[in-house]
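Okay, so here's the structure we're looking at.
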Amino acid sequence: MKISYIIPVLNEEDSLFQLYQEIRQNNPEPVYEIIFIDDGSRDQSYELLCEIADKDEKVKVIRFRRNFGKAAALQAGFHLAEGDLIFTLDADLQDDPAEIPNFIAKINEGYDLVSGWKKKRHDPITKTLPSKFFNFVTARTFKLHIKDFNCGFKLYRKTVVKELYIYGEMHRYIPVLANALGFSVTEIPVNHRYRKYGKSKYGIERYLRGFFDLLTVKMVTQYVKSPLYLFGRIGVISGVIGVLIAGYLAIRKIFYNYPLSNRPLLFLGILLILTGVQLFSMGLISELIINRSLSREIRISIKEVKNIPPEKISSFYPDQV
């Protein structure tokens, strides 16, 4: 059984060699590969990774021309991974490779995706509190009983990653996307270590992006093939309320000569009716678009690779060779 390790890297030069050594020490299978995706690092991360790859042909390196984001890095790794089992973990050493055997033992129980749960998290409160709120909202929204959606330490069966398509900040919702495709998802508590080197790459703006992606994931997991169910439902509700308001005012005008020229309620009724018609129309137009194309491609640009044959890149990114 071959194992692939996918590791996005952004300015982590101080931790890479130690991470590489720890993965080798804890890797249980003789056949494996380690795929580092340098997501536009500005330090010496790529040079250090090339030094490691020169000494170990099992290490493969991709270098993006600029920072395209963690989701794009993971998607590139998913495309290139050849393992039957695929690990993802962060490059900052906070994910402990000593947990690798525990992940494998759990997935051997029959699961398709095993996600890590940073039960005791060693991060400042400015990260832990928003993360708790994010996990609470996501679990309730998608009715998936996972305590830590955003943990980057995960183990997948190959069939899972080959069917995933992520972009933006959607790497936070991978358990949701996998569950929506019918794969079995679970989680295990993992050791979360203090950050020794560097600093976090995420600011407060990621929570706003995460909220938008939550709406996107809700759409693509439940309404991607039938957007009319979403827009039409809201449009009908809005339209019905508007008609009821307009009907109420019409009755009062007809039977009681009730003046309407200065009634805000009249404008509200008209607004709701128009909104309902627009939403319903939007749903119909979305149905037409969906039937023309059910997918879109997010472009990335690869600058350099190491220990990866050109035909492997060209099979997924034909314009990158």
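Ordered as shown in the structure tokens, chains take letters A, B, and onward, while each chain numbers its residues from 1 and ligands are numbered from 1 in the order shown.
For range 40-52 of chain A, the list of residues within 9 Å, based on only C-alpha atoms and with local chain neighbours fewer than 6 positions off taken out, reads Val9, Leu10, Asn11, Glu12, Glu13, Asp14, Leu16, Phe17, Tyr20, Val59, Lys60, Val61, Ile62, Arg63, Phe64, Arg65, Arg66, Asn67, Phe68, Gly69 and Lys306 of chain A.
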Exercise for the section: May I have the residues within 8 Å of range 134-136 of chain A as a PyMOL selection string, using only C-alpha atoms and disregarding those fewer than 5 positions away in the same chain? Expected result: chain A and resi 146-150
Problem - Selection near Thr88 in chain A, 9 Å with only C-alpha atoms, sequence-local residues under 2 positions removed, as a PyMOL selection string - result: chain A and resi 4-8+74+86+90+152-156
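The two atoms in question, CA of Ile23 in chain A and CA of Val190 in chain A, are spaced 15.4 Å apart.
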Practice task
Using DSSP on the backbone coordinates, identify the residues of range 12-47 of chain A assigned to helix (DSSP H, G or I); present them as an MDAnalysis selection string.
Solution key: chainID A and resid 16:26 45:47
Handout entry: strand (DSSP E or B) residues, from DSSP on the backbone, in range 30-61 of chain A, as a list in words
Key = Tyr32, Glu33, Ile34, Ile35, Phe36, Ile37, Asp38, Val59, Lys60 and Val61 of chain A
Problem - Closest of A:Tyr173, A:Asn27, A:Asp54, A:Tyr167 to Phe103 in chain A - atom-to-atom distances counting only C-alpha atoms - result: A:Asn27
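Distances from A:Val240, A:Ile251, A:Val185, A:Met282 to Leu228 in chain A were compared using only C-alpha atoms, and the smallest one belongs to A:Met282.
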Exercise for the section: Using only C-alpha atoms, determine which residues lie at most 9 Å from Leu19 in chain A, disregarding the query and same-chain residues fewer than 2 positions distant; provide the list as a ChimeraX atom specification. Expected result: /A:15-17,21-24,91-93,96-97
Could you dump the residues just selected with C-alpha atoms as an mmCIF file, in the first residue's frame?
```
data_model
loop_
_atom_site.group_PDB
_atom_site.id
_atom_site.type_symbol
_atom_site.label_atom_id
_atom_site.label_comp_id
_atom_site.auth_asym_id
_atom_site.auth_seq_id
_atom_site.Cartn_x
_atom_site.Cartn_y
_atom_site.Cartn_z
ATOM 1 C CA SER A 15 10.507 23.677 10.029
ATOM 2 C CA LEU A 16 10.761 21.751 6.745
ATOM 3 C CA PHE A 17 13.726 19.493 7.411
ATOM 4 C CA GLN A 21 12.529 13.641 9.197
ATOM 5 C CA GLU A 22 9.498 13.097 11.452
ATOM 6 C CA ILE A 23 7.357 11.884 8.556
ATOM 7 C CA ARG A 24 10.033 9.365 7.585
ATOM 8 C CA ALA A 91 4.213 22.496 7.344
ATOM 9 C CA ASP A 92 4.496 24.475 10.600
ATOM 10 C CA LEU A 93 5.166 21.407 12.828
ATOM 11 C CA ASP A 96 2.445 15.833 14.939
ATOM 12 C CA PRO A 97 3.498 13.054 12.488
#
```
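Take the candidates A:Phe280, A:Tyr248, A:Tyr197, A:Trp117 and check each one against Gly235 in chain A using only C-alpha atoms; the shortest distance goes to A:Phe280.
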